[in-house]
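Visitor: If it helps, the file is called input_16.cif and holds mmCIF, C-alpha atoms:
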data_data
#
loop_
_atom_site.label_atom_id
_atom_site.label_comp_id
_atom_site.auth_asym_id
_atom_site.auth_seq_id
_atom_site.Cartn_x
_atom_site.Cartn_y
_atom_site.Cartn_z
CA MET A 308 -23.83 19.82 -30.56
CA SER A 309 -24.43 17.21 -33.25
CA LYS A 310 -26.75 17.63 -36.22
CA GLN A 311 -30.40 18.49 -35.84
CA GLU A 312 -32.58 15.72 -34.38
CA LYS A 313 -35.91 15.00 -36.03
CA ASN A 314 -38.96 15.43 -33.77
CA ALA A 315 -36.84 15.88 -30.64
CA TYR A 316 -38.13 19.35 -29.73
CA ILE A 317 -40.82 21.57 -31.19
CA LEU A 318 -38.18 24.30 -31.62
CA GLY A 319 -35.46 21.85 -32.58
CA THR A 320 -32.15 21.13 -30.86
CA GLU A 321 -29.78 23.05 -33.10
CA ARG A 322 -27.22 25.52 -31.76
CA ALA A 323 -29.59 28.52 -31.88
CA GLU A 324 -32.11 26.71 -29.69
CA LEU A 325 -29.39 25.62 -27.28
CA HIS A 326 -28.40 29.25 -26.79
CA ARG A 327 -32.07 30.27 -26.48
CA LEU A 328 -32.56 27.75 -23.70
CA GLY A 329 -29.50 29.10 -21.90
CA LEU A 330 -30.89 32.61 -22.13
CA GLN A 331 -34.31 31.40 -21.03
CA HIS A 332 -32.72 29.81 -17.98
CA GLN A 333 -31.09 33.10 -17.02
CA VAL A 334 -34.49 34.83 -17.15
CA TRP A 335 -36.22 32.13 -15.09
CA ALA A 336 -33.42 30.92 -12.81
CA ALA A 337 -34.57 32.99 -9.83
CA GLU A 338 -38.09 31.58 -10.08
CA ALA A 339 -36.72 28.03 -10.29
CA ARG A 340 -34.60 28.52 -7.19
CA LYS A 341 -37.55 30.03 -5.33
CA GLY A 342 -39.64 26.96 -6.12
CA TRP A 343 -36.86 24.62 -5.00
CA ALA A 344 -36.52 26.54 -1.73
CA LEU A 345 -40.28 26.44 -1.08
CA ALA A 346 -40.20 22.67 -1.64
CA ASP A 347 -37.10 22.19 0.56
CA PHE A 348 -34.78 20.76 -2.08
CA SER A 349 -31.61 20.13 -0.09
CA VAL A 350 -28.28 18.35 0.36
CA GLY A 351 -28.32 14.57 0.26
CA GLN A 352 -31.52 14.24 -1.73
CA THR A 353 -32.13 12.22 -4.89
CA ILE A 354 -33.60 14.77 -7.30
CA LEU A 355 -35.16 14.06 -10.71
CA ASP A 356 -34.92 16.77 -13.39
CA LEU A 357 -37.75 15.68 -15.67
CA GLY A 358 -37.19 17.01 -19.18
CA CYS A 359 -33.74 18.30 -18.32
CA GLY A 360 -32.83 19.45 -21.83
CA PRO A 361 -29.19 20.59 -22.02
CA GLY A 362 -29.09 20.69 -18.23
CA PHE A 363 -28.94 24.31 -17.10
CA CYS A 364 -31.16 23.47 -14.12
CA THR A 365 -29.62 20.03 -13.69
CA LEU A 366 -26.21 21.48 -12.90
CA ASP A 367 -27.72 23.82 -10.29
CA LEU A 368 -29.65 20.94 -8.74
CA ALA A 369 -26.48 18.82 -8.59
CA TYR A 370 -24.80 21.45 -6.46
CA ILE A 371 -27.88 21.55 -4.19
CA ALA A 372 -27.91 17.75 -3.78
CA GLY A 373 -24.19 17.76 -3.13
CA GLN A 374 -21.82 14.80 -3.04
CA GLU A 375 -24.10 12.95 -0.64
CA GLY A 376 -27.09 13.22 -2.98
CA LYS A 377 -27.82 12.44 -6.61
CA VAL A 378 -29.46 14.15 -9.55
CA ILE A 379 -31.11 12.21 -12.39
CA GLY A 380 -31.63 13.94 -15.73
CA VAL A 381 -34.13 12.54 -18.24
CA ASP A 382 -34.72 13.94 -21.72
CA LYS A 383 -35.62 12.51 -25.10
CA SER A 384 -32.96 14.53 -26.93
CA GLU A 385 -29.74 12.55 -27.29
CA ASN A 386 -28.00 15.76 -28.38
CA TYR A 387 -28.92 17.54 -25.17
CA ILE A 388 -28.10 14.57 -22.96
CA GLU A 389 -24.65 14.37 -24.54
CA PHE A 390 -24.17 18.12 -24.05
CA LEU A 391 -25.12 17.74 -20.40
CA ARG A 392 -22.83 14.73 -20.00
CA GLN A 393 -19.89 16.84 -21.17
CA SER A 394 -20.94 19.75 -18.93
CA ALA A 395 -21.19 17.47 -15.90
CA LYS A 396 -17.73 16.09 -16.67
CA GLN A 397 -16.28 19.60 -16.82
CA HIS A 398 -17.92 20.48 -13.49
CA GLN A 399 -16.84 17.12 -12.03
CA LEU A 400 -20.43 16.33 -11.08
CA ASP A 401 -21.85 12.81 -10.91
CA ILE A 402 -25.20 13.12 -12.70
CA GLU A 403 -27.20 10.08 -13.82
CA LEU A 404 -28.45 10.71 -17.36
CA HIS A 405 -31.06 8.97 -19.50
CA ALA A 406 -31.89 9.79 -23.13
CA CYS A 407 -35.41 8.43 -23.52
CA ASP A 408 -39.09 9.27 -23.68
CA PHE A 409 -40.78 9.64 -20.31
CA ASP A 410 -42.83 6.55 -21.16
CA ALA A 411 -39.62 4.51 -21.31
CA MET A 412 -37.83 5.86 -18.24
CA GLN A 413 -37.31 3.43 -15.38
CA LEU A 414 -37.88 4.85 -11.89
CA PRO A 415 -37.80 2.52 -8.86
CA ASP A 416 -40.61 2.95 -6.36
CA ASN A 417 -39.87 5.20 -3.36
CA SER A 418 -36.55 6.35 -4.82
CA LEU A 419 -37.02 10.10 -5.30
CA ASP A 420 -36.90 12.84 -2.67
CA SER A 421 -37.69 15.69 -5.07
CA VAL A 422 -38.74 16.26 -8.67
CA TYR A 423 -38.49 19.34 -10.88
CA CYS A 424 -40.16 19.78 -14.26
CA ARG A 425 -40.26 22.92 -16.43
CA TRP A 426 -41.90 23.21 -19.86
CA ALA A 427 -42.05 19.45 -20.42
CA LEU A 428 -45.55 18.23 -19.53
CA ALA A 429 -47.22 20.67 -21.96
CA TRP A 430 -45.87 18.77 -24.95
CA LEU A 431 -46.97 15.30 -23.89
CA PRO A 432 -50.04 13.41 -25.14
CA ASN A 433 -50.30 11.63 -21.75
CA PRO A 434 -49.27 14.00 -18.93
CA GLU A 435 -51.56 12.27 -16.44
CA GLU A 436 -49.75 8.96 -16.94
CA ILE A 437 -46.35 10.59 -16.51
CA VAL A 438 -47.37 12.40 -13.33
CA ALA A 439 -48.67 9.09 -11.96
CA LYS A 440 -45.44 7.32 -12.94
CA VAL A 441 -43.25 9.95 -11.28
CA THR A 442 -45.41 10.13 -8.16
CA LYS A 443 -45.15 6.37 -7.73
CA ALA A 444 -41.36 6.72 -7.67
CA MET A 445 -41.42 9.46 -5.01
CA LYS A 446 -40.86 8.80 -1.34
CA PRO A 447 -43.58 9.79 1.15
CA GLY A 448 -43.00 13.45 1.93
CA GLY A 449 -41.22 13.98 -1.40
CA ALA A 450 -41.84 17.22 -3.32
CA PHE A 451 -42.87 17.67 -6.97
CA VAL A 452 -42.29 21.19 -8.38
CA VAL A 453 -43.64 22.03 -11.82
CA HIS A 454 -43.39 25.25 -13.84
CA GLU A 455 -45.72 25.25 -16.84
CA TYR A 456 -47.91 27.55 -18.94
CA PHE A 457 -51.25 28.55 -17.44
CA ASP A 458 -52.47 30.75 -20.31
CA TRP A 459 -50.49 31.12 -23.53
CA SER A 460 -53.30 33.05 -25.23
CA VAL A 461 -52.49 36.30 -23.37
CA PHE A 462 -49.23 36.70 -25.35
CA GLN A 463 -49.41 40.18 -26.89
CA CYS A 464 -47.42 43.33 -27.60
CA GLU A 465 -47.87 47.03 -26.93
CA PRO A 466 -48.19 48.83 -29.25
CA HIS A 467 -50.25 46.41 -31.32
CA LEU A 468 -48.51 45.42 -34.55
CA PRO A 469 -50.83 43.42 -36.85
CA ALA A 470 -48.44 40.98 -38.55
CA LEU A 471 -46.60 40.30 -35.30
CA GLN A 472 -49.82 39.54 -33.44
CA GLN A 473 -51.06 37.38 -36.31
CA ALA A 474 -47.88 35.34 -36.13
CA ILE A 475 -48.13 35.03 -32.32
CA ASN A 476 -51.71 33.80 -32.72
CA ALA A 477 -50.53 31.31 -35.34
CA ALA A 478 -47.93 29.97 -32.91
CA TYR A 479 -50.64 29.46 -30.30
CA LYS A 480 -52.83 27.70 -32.88
CA SER A 481 -49.96 25.34 -33.71
CA PHE A 482 -49.67 24.39 -30.04
CA GLU A 483 -53.42 23.89 -29.68
CA ASP A 484 -53.35 21.56 -32.70
CA SER A 485 -50.48 19.52 -31.25
CA PRO A 486 -50.96 16.30 -29.22
CA GLY A 487 -50.04 18.11 -25.99
CA THR A 488 -51.90 20.57 -23.75
CA ILE A 489 -50.14 23.92 -23.93
CA ASN A 490 -51.98 25.35 -20.88
CA ILE A 491 -51.32 22.24 -18.78
CA GLY A 492 -50.52 24.35 -15.71
CA ARG A 493 -54.17 24.97 -14.93
CA LYS A 494 -54.84 21.23 -14.81
CA LEU A 495 -51.94 20.28 -12.56
CA PRO A 496 -53.54 20.81 -9.12
CA ASP A 497 -56.33 18.32 -9.88
CA MET A 498 -53.80 15.97 -11.47
CA PHE A 499 -51.65 16.13 -8.35
CA TYR A 500 -54.54 15.45 -5.98
CA ASP A 501 -55.66 12.51 -8.14
CA ASN A 502 -52.23 10.96 -7.63
CA GLY A 503 -51.94 11.40 -3.88
CA LEU A 504 -50.04 14.68 -3.82
CA GLU A 505 -51.09 17.42 -1.44
CA VAL A 506 -50.88 20.74 -3.25
CA ILE A 507 -49.05 23.16 -0.95
CA GLY A 508 -48.53 25.97 -3.44
CA VAL A 509 -49.96 27.43 -6.63
CA ARG A 510 -47.96 30.53 -7.56
CA PRO A 511 -48.58 32.72 -10.62
CA MET A 512 -45.51 33.81 -12.55
CA SER A 513 -46.04 36.57 -15.10
CA VAL A 514 -43.60 38.64 -17.14
CA ILE A 515 -44.15 41.96 -18.89
CA ALA A 516 -40.91 42.44 -20.82
CA ARG A 517 -39.42 45.73 -21.98
CA PRO A 518 -36.70 46.19 -24.61
CA ASP A 519 -34.06 47.36 -22.13
CA GLU A 520 -34.49 44.31 -19.89
CA LEU A 521 -33.03 40.81 -20.11
CA SER A 522 -36.56 39.40 -19.96
CA TRP A 523 -37.18 40.90 -23.43
CA GLU A 524 -34.81 38.37 -24.92
CA TRP A 525 -37.00 35.48 -23.76
CA PRO A 526 -39.98 36.16 -26.10
CA ARG A 527 -37.80 37.76 -28.80
CA SER A 528 -35.51 34.75 -29.17
CA PHE A 529 -38.44 32.32 -29.11
CA LEU A 530 -40.37 34.16 -31.82
CA GLU A 531 -37.32 34.57 -34.06
CA ILE A 532 -36.73 30.81 -34.04
CA TYR A 533 -40.34 29.62 -34.15
CA PHE A 534 -41.96 31.97 -36.69
CA PRO A 535 -40.01 30.52 -39.66
CA LYS A 536 -41.00 27.00 -38.59
CA LEU A 537 -44.69 27.95 -38.89
CA VAL A 538 -44.43 28.51 -42.66
CA PRO A 539 -43.79 24.88 -43.74
CA MET A 540 -46.28 23.79 -41.09
CA GLY A 541 -48.98 25.82 -42.89
CA PHE A 542 -49.80 28.23 -40.07
CA LEU A 543 -48.17 31.31 -41.67
CA THR A 544 -47.35 32.56 -45.14
CA GLN A 545 -43.77 33.52 -45.90
CA GLU A 546 -44.88 37.12 -46.40
CA ILE A 547 -46.61 37.45 -43.02
CA MET A 548 -43.72 35.69 -41.29
CA GLU A 549 -41.21 38.16 -42.71
CA GLN A 550 -43.45 41.11 -41.82
CA ALA A 551 -43.83 39.77 -38.27
CA LEU A 552 -40.07 39.50 -37.80
CA GLU A 553 -39.61 43.05 -39.11
CA GLU A 554 -42.26 44.32 -36.69
CA LEU A 555 -40.62 42.44 -33.83
CA GLU A 556 -37.32 44.17 -34.61
CA ASP A 557 -39.09 47.54 -34.84
CA LEU A 558 -40.82 46.90 -31.52
CA GLY A 559 -37.46 46.51 -29.80
CA ASP A 560 -36.53 50.06 -30.86
CA MET A 561 -39.71 51.70 -29.58
CA GLN A 562 -39.69 53.64 -26.33
CA GLY A 563 -42.42 52.39 -24.03
CA ALA A 564 -42.86 49.10 -25.88
CA SER A 565 -43.73 45.97 -23.93
CA ILE A 566 -44.57 42.30 -24.40
CA LEU A 567 -47.01 40.50 -22.13
CA CYS A 568 -45.58 36.98 -22.09
CA PRO A 569 -47.61 33.78 -21.66
CA HIS A 570 -48.74 33.38 -18.06
CA MET A 571 -46.83 30.73 -16.12
CA VAL A 572 -47.73 28.90 -12.93
CA GLU A 573 -45.79 27.03 -10.27
CA VAL A 574 -47.51 24.04 -8.69
CA ILE A 575 -45.90 22.25 -5.74
CA GLY A 576 -47.20 18.91 -4.49
CA ILE A 577 -46.08 16.79 -1.53
CA LYS A 578 -46.58 13.03 -1.57
CA GLU A 579 -48.74 11.95 1.34
#
As structure tokens, how would this structure be written, given the file I've shared?

Guide:
Amino acid sequence: MSKQEKNAYILGTERAELHRLGLQHQVWAAEARKGWALADFSVGQTILDLGCGPGFCTLDLAYIAGQEGKVIGVDKSENYIEFLRQSAKQHQLDIELHACDFDAMQLPDNSLDSVYCRWALAWLPNPEEIVAKVTKAMKPGGAFVVHEYFDWSVFQCEPHLPALQQAINAAYKSFEDSPGTINIGRKLPDMFYDNGLEVIGVRPMSVIARPDELSWEWPRSFLEIYFPKLVPMGFLTQEIMEQALEELEDLGDMQGASILCPHMVEVIGIKE
């Protein structure tokens, strides 16, 4: 990985975030594969991974598409695209990669059989335009699978720890104040219908993590990276941030502790 990119990702693109994304993929890989199966992603298809990041899903999709198909990865982070390029080379996979904003990506009409997008639309100021752009590039009968947040505000811990919850609430406030729509998942069905996609599935995906489970590492790693970023942004004081991280560590040592993670949703649309 090269040096940190400015404004590439809300959590950055440094090595710690790369590893966090790899861990996150392990937690959510089964849900991704379930969505792909429900949407009939298969051999020979041209599949777009929209917001591919360092490509943990892209590599899986390339094996699904096979040598007769093609996977296209698009992401605005040049660091992540280069990481994925090297990974694809090591796996001897032919993946078409583009480092650009979604506004700048070029997608020929009727060229895509399937599309996958996870945690990308929530950060955009114009998700409706991007959904329309992608849908226009899909073939009739093509599938669009999206995994996004439905309700981030439910994020909470048991037992309640005041500084930790204050910091979690500050993280949510930072997302609400951003140009994107953090709970974009609830808007996707209408967005799909408006663009000629028949919604064939809306599936809730919720996680209650416990310290002895791999799923615990998903919220823990996110909070450890993001809390310090909230201080220079003005959403937390240094004192509360440090207290929150201490409480997060303490929480991991408590028997019976749990974290209710932000509610996710899967929306699947088929182009008519």

Visitor: Please enumerate the residues selected by the PyMOL selection byres ((chain A and resi 575) around 10) when evaluated against the supplied file, formatted as a list in words.

Guide: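 Here the PyMOL selection byres ((chain A and resi 575) around 10) matches Gly342, Trp343, Leu345, Ala346, Val422, Tyr423, Ala450, Phe451, Val452, Val453, His454, Leu495, Pro496, Phe499, Leu504, Glu505, Val506, Ile507, Gly508, Val509, Arg510, Val572, Glu573, Val574, Gly576 and Ile577 of chain A.
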
Visitor: Give as a list in words each residue that has an atom at most 12 Å from (-53.3, 42.0, -39.6) in the file, counting all atoms listed in the file.

Guide: His467, Leu468, Pro469, Ala470, Leu471, Gln472, Gln473, Ala474, Ile475, Asn476, Ala477, Glu546, Ile547, Met548, Gln550, Ala551 and Glu554 of chain A

Visitor: Quick one, how far is atom CA of A:Leu428 from atom CA of A:Leu555?

Guide: 28.5 Å

Visitor: Could you tell me which residues the PyMOL selection byres ((chain A and resi 529) around 12) grabs in this file, written as a ChimeraX atom specification?

Guide: /A:317-319,323-331,475,478,522-528,530-536,552,555,568-569

Visitor: Create the file for the chosen residues now, containing C-alpha atoms and written as a compact mmCIF listing (two decimals), in the coordinates of the input.

Guide:
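The new file result_8.txt reads:
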# COMPACT_ATOMS: atom_id res chain seq x y z
CA ILE A 317 -40.82 21.57 -31.19
CA LEU A 318 -38.18 24.30 -31.62
CA GLY A 319 -35.46 21.85 -32.58
CA ALA A 323 -29.59 28.52 -31.88
CA GLU A 324 -32.11 26.71 -29.69
CA LEU A 325 -29.39 25.62 -27.28
CA HIS A 326 -28.40 29.25 -26.79
CA ARG A 327 -32.07 30.27 -26.48
CA LEU A 328 -32.56 27.75 -23.70
CA GLY A 329 -29.50 29.10 -21.90
CA LEU A 330 -30.89 32.61 -22.13
CA GLN A 331 -34.31 31.40 -21.03
CA ILE A 475 -48.13 35.03 -32.32
CA ALA A 478 -47.93 29.97 -32.91
CA SER A 522 -36.56 39.40 -19.96
CA TRP A 523 -37.18 40.90 -23.43
CA GLU A 524 -34.81 38.37 -24.92
CA TRP A 525 -37.00 35.48 -23.76
CA PRO A 526 -39.98 36.16 -26.10
CA ARG A 527 -37.80 37.76 -28.80
CA SER A 528 -35.51 34.75 -29.17
CA LEU A 530 -40.37 34.16 -31.82
CA GLU A 531 -37.32 34.57 -34.06
CA ILE A 532 -36.73 30.81 -34.04
CA TYR A 533 -40.34 29.62 -34.15
CA PHE A 534 -41.96 31.97 -36.69
CA PRO A 535 -40.01 30.52 -39.66
CA LYS A 536 -41.00 27.00 -38.59
CA LEU A 552 -40.07 39.50 -37.80
CA LEU A 555 -40.62 42.44 -33.83
CA CYS A 568 -45.58 36.98 -22.09
CA PRO A 569 -47.61 33.78 -21.66

Visitor: Please determine an axis-aligned box that encloses all atoms of stretch 359-377 of chain A listed in the file, with 8 Å added on each side, and express its centre and edge lengths in Å to one decimal as lines of an AutoDock Vina configuration file.

Guide:
center_x = -27.8
center_y = 18.4
center_z = -11.3
size_x = 27.9
size_y = 27.9
size_z = 37.4

Visitor: Between A:Leu558, A:Ala406, A:Val378, A:Leu355, which residue has the minimum interatomic distance to A:Thr442, considering only C-alpha atoms?

Guide: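 Of A:Leu558, A:Ala406, A:Val378, A:Leu355, the one nearest A:Thr442 is A:Leu355, counting only C-alpha atoms.
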
Visitor: Just say which residues the PyMOL selection byres ((chain A and resi 429-437) around 10) picks in this file, as a ChimeraX atom specification.

Guide: /A:316-317,408-410,412,425-428,438-443,455-457,482,485-492,494-495,498-499,501-502

Visitor: I need the residue nearest A:Val350 from this list: A:Asp519, A:Glu553, A:Asp458, A:Glu375. Use only C-alpha atoms for the distance.

Guide: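 Among the listed residues, the smallest separation from A:Val350 belongs to A:Glu375.
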